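Asker: Provided herewith: data.tsv, TSV, C-alpha atoms.
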```
chain	number	residue	atom	x	y	z
A	130	MET	CA	134.09	102.05	71.68
A	131	LYS	CA	130.87	103.30	70.13
A	132	LEU	CA	130.34	107.05	69.89
A	133	TYR	CA	127.51	107.32	72.45
A	134	LYS	CA	129.39	105.17	74.95
A	135	LEU	CA	132.50	107.29	74.45
A	136	LEU	CA	130.55	110.49	75.11
A	137	GLU	CA	129.07	108.95	78.25
A	138	SER	CA	132.42	107.69	79.53
A	139	LYS	CA	133.98	111.17	79.24
A	140	LYS	CA	130.97	113.14	80.48
A	141	LYS	CA	131.59	115.94	82.96
A	142	ARG	CA	129.56	115.48	86.13
A	143	ILE	CA	127.96	118.92	86.21
A	144	LYS	CA	125.41	117.90	88.82
A	145	HIS	CA	125.57	114.68	90.78
A	146	LEU	CA	122.60	112.39	90.19
A	147	TRP	CA	121.61	112.38	93.84
A	148	LYS	CA	121.34	116.21	93.87
A	149	THR	CA	118.71	116.38	91.12
A	150	LYS	CA	114.94	116.70	91.53
A	151	GLU	CA	114.54	113.46	89.58
A	152	TYR	CA	116.57	111.50	92.11
A	153	ALA	CA	114.91	113.23	95.07
A	154	LEU	CA	111.47	112.04	93.93
A	155	PHE	CA	112.80	108.60	93.04
A	156	SER	CA	114.53	107.98	96.38
A	157	ASP	CA	111.70	109.47	98.43
A	158	LYS	CA	108.91	107.43	96.82
A	159	LEU	CA	110.75	104.28	95.83
A	160	ASP	CA	108.57	102.25	98.19
A	161	LEU	CA	105.61	102.79	95.84
A	162	LEU	CA	107.37	100.79	93.13
A	163	LEU	CA	108.60	98.11	95.53
A	164	LYS	CA	105.01	97.24	96.41
A	165	PHE	CA	104.30	96.10	92.86
A	166	PRO	CA	106.39	93.18	91.53
A	167	GLN	CA	104.86	93.73	88.08
A	168	VAL	CA	107.03	96.83	87.69
A	169	ASN	CA	110.22	96.09	85.77
A	170	LYS	CA	112.93	95.68	88.42
A	171	GLN	CA	115.45	97.37	86.11
A	172	LEU	CA	113.68	100.64	86.89
A	173	LEU	CA	115.00	100.37	90.44
A	174	GLU	CA	118.61	100.74	89.22
A	175	THR	CA	119.59	104.15	90.53
A	176	SER	CA	122.69	104.63	88.38
A	177	ASP	CA	120.74	104.82	85.11
A	178	ASP	CA	119.29	108.31	84.63
A	179	PHE	CA	116.79	107.27	81.94
A	180	LYS	CA	115.41	104.45	84.10
A	181	ILE	CA	114.93	107.00	86.91
A	182	ILE	CA	112.95	109.21	84.51
A	183	GLN	CA	110.75	106.21	83.66
A	184	ALA	CA	110.41	105.19	87.31
A	185	ASN	CA	109.32	108.71	88.27
A	186	ILE	CA	106.57	108.62	85.65
A	187	LEU	CA	105.21	105.46	87.32
A	188	ILE	CA	105.64	106.95	90.80
A	189	GLN	CA	103.68	110.08	89.85
A	190	ALA	CA	100.99	107.93	88.27
A	191	LEU	CA	100.58	106.00	91.54
A	192	LEU	CA	100.61	109.22	93.57
A	193	ASN	CA	97.80	110.52	91.34
A	194	LYS	CA	95.85	107.33	91.85
A	195	THR	CA	96.05	107.64	95.63
A	196	GLN	CA	95.16	111.36	95.59
A	197	ILE	CA	92.09	110.90	93.40
A	198	GLU	CA	90.84	108.05	95.58
A	199	LYS	CA	91.35	110.06	98.79
A	200	ARG	CA	89.68	113.15	97.37
A	201	ALA	CA	86.75	111.15	95.99
A	202	LYS	CA	86.21	109.79	99.49
A	203	LYS	CA	86.58	113.23	101.08
A	204	TYR	CA	84.00	114.65	98.66
A	205	LEU	CA	81.31	112.55	100.31
A	206	THR	CA	81.94	114.32	103.64
A	207	LEU	CA	81.50	117.85	102.24
A	208	ASN	CA	78.37	119.97	102.39
A	209	GLU	CA	76.76	121.23	99.19
A	210	GLU	CA	78.51	124.59	99.34
A	211	GLU	CA	81.94	123.02	99.83
A	212	LYS	CA	81.37	120.60	96.96
A	213	LYS	CA	80.99	123.48	94.48
A	214	ASP	CA	84.63	124.55	94.89
A	215	PHE	CA	86.14	121.10	95.40
A	216	ASP	CA	88.27	119.92	92.48
A	217	ILE	CA	89.29	116.30	92.76
A	218	HIS	CA	91.97	116.71	90.08
A	219	GLN	CA	93.45	120.01	91.26
A	220	ASP	CA	97.24	120.31	90.74
A	221	LEU	CA	97.60	116.73	89.49
A	222	VAL	CA	99.88	116.00	86.54
A	223	TYR	CA	98.40	114.34	83.47
A	224	LEU	CA	98.94	113.54	79.82
A	225	THR	CA	96.47	114.09	77.04
A	226	SER	CA	95.71	111.02	74.92
A	227	LYS	CA	95.30	111.09	71.13
A	228	GLU	CA	91.56	111.05	71.75
A	229	GLY	CA	91.84	114.22	73.85
A	230	GLU	CA	91.23	112.49	77.19
A	231	LYS	CA	93.18	113.48	80.30
A	232	ILE	CA	95.09	110.47	81.59
A	233	TYR	CA	95.90	110.72	85.29
A	234	VAL	CA	97.00	107.13	85.94
A	235	PRO	CA	98.79	105.98	82.77
A	236	CYS	CA	99.84	102.67	84.32
A	237	LEU	CA	96.17	101.62	84.39
A	238	SER	CA	93.94	100.77	81.44
A	239	LYS	CA	92.24	103.50	79.42
A	240	ALA	CA	88.84	102.25	80.60
A	241	LEU	CA	89.83	102.77	84.24
A	242	ASN	CA	91.34	106.15	83.41
A	243	LEU	CA	87.92	107.29	82.20
A	244	ILE	CA	86.64	106.53	85.68
A	245	TYR	CA	89.52	108.36	87.40
A	246	ALA	CA	89.15	111.36	85.09
A	247	ARG	CA	85.40	111.65	84.44
A	248	GLU	CA	83.61	109.77	87.22
A	249	PRO	CA	85.97	109.53	90.22
A	250	LEU	CA	83.08	109.27	92.68
A	251	LYS	CA	82.45	105.76	91.34
A	252	LEU	CA	85.67	104.78	93.11
A	253	ASN	CA	83.63	104.83	96.33
A	254	GLU	CA	81.31	102.13	94.98
A	255	ALA	CA	81.53	98.50	93.88
A	256	PRO	CA	83.10	97.19	91.73
A	257	TYR	CA	85.58	100.07	91.46
A	258	ASP	CA	86.26	100.42	95.19
A	259	VAL	CA	88.40	97.26	95.15
A	260	ILE	CA	90.84	98.93	92.71
A	261	LYS	CA	92.13	101.08	95.57
A	262	LYS	CA	94.06	98.14	97.00
A	263	ASP	CA	93.92	95.40	94.38
A	264	PHE	CA	94.80	96.67	90.95
A	265	ALA	CA	97.70	94.42	89.88
A	266	ALA	CA	95.57	92.80	87.18
A	267	SER	CA	94.77	96.23	85.72
A	268	LEU	CA	98.38	97.41	85.37
A	269	ILE	CA	99.62	98.14	81.85
A	270	ASP	CA	102.93	99.32	80.41
A	271	PRO	CA	102.38	103.08	79.92
A	272	PHE	CA	105.47	103.37	77.71
A	273	ASP	CA	104.11	100.79	75.27
A	274	GLU	CA	100.65	102.35	75.42
A	275	TYR	CA	101.57	106.02	74.94
A	276	GLY	CA	105.00	105.83	73.31
A	277	PHE	CA	107.15	108.93	73.43
A	278	ASN	CA	104.06	111.09	74.11
A	279	ILE	CA	104.17	110.19	77.79
A	280	TYR	CA	107.52	111.97	78.06
A	281	ASP	CA	105.98	115.04	76.44
A	282	SER	CA	103.58	115.52	79.33
A	283	LEU	CA	103.42	116.84	82.88
A	284	PHE	CA	104.63	113.43	84.09
A	285	SER	CA	108.11	114.21	82.78
A	286	ARG	CA	110.76	116.92	83.19
A	287	LEU	CA	112.02	116.28	79.69
A	288	LEU	CA	111.89	119.06	77.12
A	289	LYS	CA	110.73	117.90	73.70
A	290	LEU	CA	112.91	119.22	70.88
A	291	GLY	CA	111.18	117.63	67.91
A	292	GLU	CA	110.15	114.38	66.27
A	293	LYS	CA	110.59	112.61	62.98
A	294	ASP	CA	108.86	109.47	61.74
A	295	GLU	CA	108.74	107.14	64.75
A	296	ILE	CA	111.21	108.86	67.10
A	297	ALA	CA	111.24	112.00	69.24
A	298	PHE	CA	114.11	114.02	70.71
A	299	PHE	CA	114.16	115.25	74.31
A	300	TYR	CA	116.58	117.21	76.47
A	301	HIS	CA	116.97	117.03	80.24
A	302	VAL	CA	118.30	120.21	81.83
A	303	ASP	CA	119.81	118.63	84.96
A	304	PHE	CA	121.26	115.55	83.25
A	305	SER	CA	122.50	117.51	80.19
A	306	ASN	CA	121.59	114.65	77.89
A	307	ILE	CA	119.65	114.32	74.65
A	308	TYR	CA	117.35	111.29	74.65
A	309	VAL	CA	116.17	109.75	71.38
A	310	ILE	CA	112.97	107.87	72.22
A	311	ASN	CA	111.01	105.63	69.87
A	312	ASP	CA	107.25	105.19	69.52
A	313	GLN	CA	107.35	102.21	71.91
A	314	GLY	CA	108.52	104.62	74.61
A	315	ARG	CA	111.98	103.05	74.68
A	316	LEU	CA	115.38	104.68	74.44
A	317	ASP	CA	117.07	104.46	71.02
A	318	ALA	CA	120.06	106.60	71.96
A	319	LYS	CA	121.40	108.79	74.76
A	320	ILE	CA	123.66	111.61	73.65
A	321	CYS	CA	125.68	112.92	76.59
A	322	LEU	CA	126.73	116.56	76.34
A	323	PHE	CA	129.65	118.40	78.00
A	324	ASP	CA	132.77	116.34	78.57
A	325	LYS	CA	135.27	116.38	81.41
A	326	TYR	CA	137.82	118.31	79.34
A	327	MET	CA	135.61	121.41	79.25
A	328	HIS	CA	136.64	124.14	81.71
A	329	HIS	CA	133.54	126.27	81.17
A	330	ILE	CA	130.02	124.93	80.61
A	331	ASN	CA	127.64	127.18	78.69
A	332	LYS	CA	124.00	126.09	78.97
A	333	ASN	CA	122.44	129.16	77.39
A	334	GLY	CA	120.22	128.74	74.32
A	335	MET	CA	120.41	124.96	74.43
A	336	VAL	CA	117.33	124.34	72.27
A	337	GLU	CA	118.79	126.23	69.31
A	338	ARG	CA	122.26	124.78	69.81
A	339	ILE	CA	120.98	121.21	69.83
A	340	LYS	CA	119.05	121.62	66.56
A	341	PRO	CA	122.09	121.06	64.25
A	342	VAL	CA	122.90	117.89	66.20
A	343	ILE	CA	119.39	116.55	65.68
A	344	GLU	CA	119.45	117.48	62.00
A	345	ALA	CA	122.69	115.55	61.51
A	346	TYR	CA	121.26	112.58	63.45
A	347	ASN	CA	118.17	112.54	61.21
A	348	ALA	CA	120.35	112.78	58.11
A	349	ASP	CA	122.46	109.87	59.40
A	350	ASP	CA	125.52	112.07	58.82
A	351	LYS	CA	128.06	111.01	61.42
A	352	LYS	CA	130.67	113.62	60.51
A	353	ALA	CA	128.13	116.47	60.61
A	354	PHE	CA	126.86	115.08	63.93
A	355	ILE	CA	130.32	115.05	65.54
A	356	ASP	CA	131.21	118.46	64.14
A	357	ALA	CA	127.90	119.99	65.28
A	358	LEU	CA	128.67	118.91	68.86
A	359	LEU	CA	131.89	120.91	68.66
A	360	THR	CA	130.64	124.01	66.82
A	361	GLN	CA	127.71	124.32	69.24
A	362	ASP	CA	130.07	124.14	72.23
A	363	LEU	CA	128.55	120.86	73.45
A	364	ILE	CA	131.89	119.04	73.53
A	365	SER	CA	135.48	120.25	73.81
A	366	GLY	CA	138.08	120.39	71.07
A	367	ARG	CA	139.99	117.66	72.87
A	368	MET	CA	136.91	115.42	72.91
A	369	HIS	CA	136.30	116.15	69.23
A	370	HIS	CA	139.87	115.09	68.47
A	371	LEU	CA	139.50	111.95	70.59
A	372	ILE	CA	136.32	110.91	68.77
A	373	TYR	CA	138.00	111.18	65.37
A	374	LYS	CA	141.07	109.36	66.68
A	375	LYS	CA	138.82	106.47	67.76
A	376	GLU	CA	137.03	106.61	64.40
A	377	ARG	CA	140.30	106.33	62.47
A	378	LYS	CA	141.46	103.44	64.65
A	379	PHE	CA	138.13	101.64	64.11
A	380	LYS	CA	138.41	102.04	60.31
A	381	ARG	CA	142.02	100.77	60.31
A	382	ASN	CA	141.01	97.68	62.27
A	383	GLN	CA	138.12	97.10	59.90
A	384	PHE	CA	140.49	97.26	56.96
A	385	ARG	CA	142.86	94.76	58.61
A	386	LEU	CA	140.02	92.35	59.31
A	387	LYS	CA	138.88	92.55	55.70
A	388	GLY	CA	142.43	91.99	54.51
A	389	LYS	CA	142.71	88.77	56.50
A	390	LYS	CA	139.69	87.21	54.82
```
What is this file in structure tokens?
Answerer:
Amino acid sequence: MKLYKLLESKKKRIKHLWKTKEYALFSDKLDLLLKFPQVNKQLLETSDDFKIIQANILIQALLNKTQIEKRAKKYLTLNEEEKKDFDIHQDLVYLTSKEGEKIYVPCLSKALNLIYAREPLKLNEAPYDVIKKDFAASLIDPFDEYGFNIYDSLFSRLLKLGEKDEIAFFYHVDFSNIYVINDQGRLDAKICLFDKYMHHINKNGMVERIKPVIEAYNADDKKAFIDALLTQDLISGRMHHLIYKKERKFKRNQFRLKGKK
């Protein structure tokens, strides 16, 4: 069994998935995703925490789209005094592109996002008014487009811990996982923390405690990686022993296979 799978299989369920804010948003607004067959159906799998994180990014993007359209329409009904204090984008989440533009609907093209961000009143006029209901042809993959940067934005509850070359490291407080995400916005590895053998879970100072784990990962030092999990109280002594037991068994089997050749 591979190391990451072993960590996941022995993970302590600190907080059930359905009790988290991520799942609450996902389950409450799932119908938004169901309306659009272009959305990857794998994102609807509720048992995968990373897919829920991705699904919620899309859900919030579609919620933004609807809010901006409604507010742009409402703006036309206001008097001149009311218009002065009316902010179409108030309290909406966004990400900032490399060009410095605010992106409110990352599942739509950058050209359309300029309209939603800079000129939302155009959404009341042709040809942009049709986008309110018919925008399937304008959908893009925001994870491909923005890479790991989309997770380092207000669309996500992930906490960015650092990046190196073409990957970035994130931590999710509720899920107690480290996510290694590549520049295509896809998951390279999920490192599950806190195993079922731990009697007491200490979540204080997590950012500093995770740093040695990331350093070992970047150095491709498996032993330092496993040991850092233990010394930083992220796995139990029993789990640490189990990992090395599996490692020794794997190496013995490798040796036997080589010997048979």
Asker: So how many Å separate CA of Ser176 in chain A and CA of Tyr346 in chain A, to one decimal?
Answerer: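 Straight-line distance from CA of Ser176 in chain A to CA of Tyr346 in chain A works out to 26.2 Å.
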Asker: Give me, please, the distance in Å between CA of Pro256 in chain A and CA of Glu210 in chain A, quoted to one decimal.
Answerer: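 Result for CA of Pro256 in chain A versus CA of Glu210 in chain A: 28.8 Å, one decimal.
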Asker: Given only C-alpha atoms, how would the per-residue table for range 208-314 of chain A near range 349-371 of chain A read, listing every residue at most 12 Å away with its closest atom pair and distance in Å to one decimal, sorted by chain and number, as JSON lines?
Answerer:
```
{"residue": "A:Ser305", "atom": "CA", "partner": "A:Leu363", "partner_atom": "CA", "distance": 9.7}
{"residue": "A:Asn306", "atom": "CA", "partner": "A:Leu363", "partner_atom": "CA", "distance": 10.3}
{"residue": "A:Ile307", "atom": "CA", "partner": "A:Leu363", "partner_atom": "CA", "distance": 11.1}
```
Asker: From the set A:Ile279, A:Val234, A:Leu288, A:Ala201, which residue has the shortest atom-to-atom contact distance to Leu250 in chain A, counting all atoms listed in the file?
Answerer: A:Ala201
Asker: Give me, as CSV, the closest atom pair and its distance (Å, one decimal) for every residue of range 191-276 of chain A within a cut-off of 10 Å of range 308-330 of chain A, counting only C-alpha atoms, rows sorted by chain and rising number.
Answerer:
```
residue,atom,partner,partner_atom,distance
A:Asp270,CA,A:Gly314,CA,9.6
A:Pro271,CA,A:Gly314,CA,8.3
A:Phe272,CA,A:Gly314,CA,4.5
A:Asp273,CA,A:Gln313,CA,4.9
A:Glu274,CA,A:Gln313,CA,7.6
A:Tyr275,CA,A:Gly314,CA,7.1
A:Gly276,CA,A:Gly314,CA,3.9
```
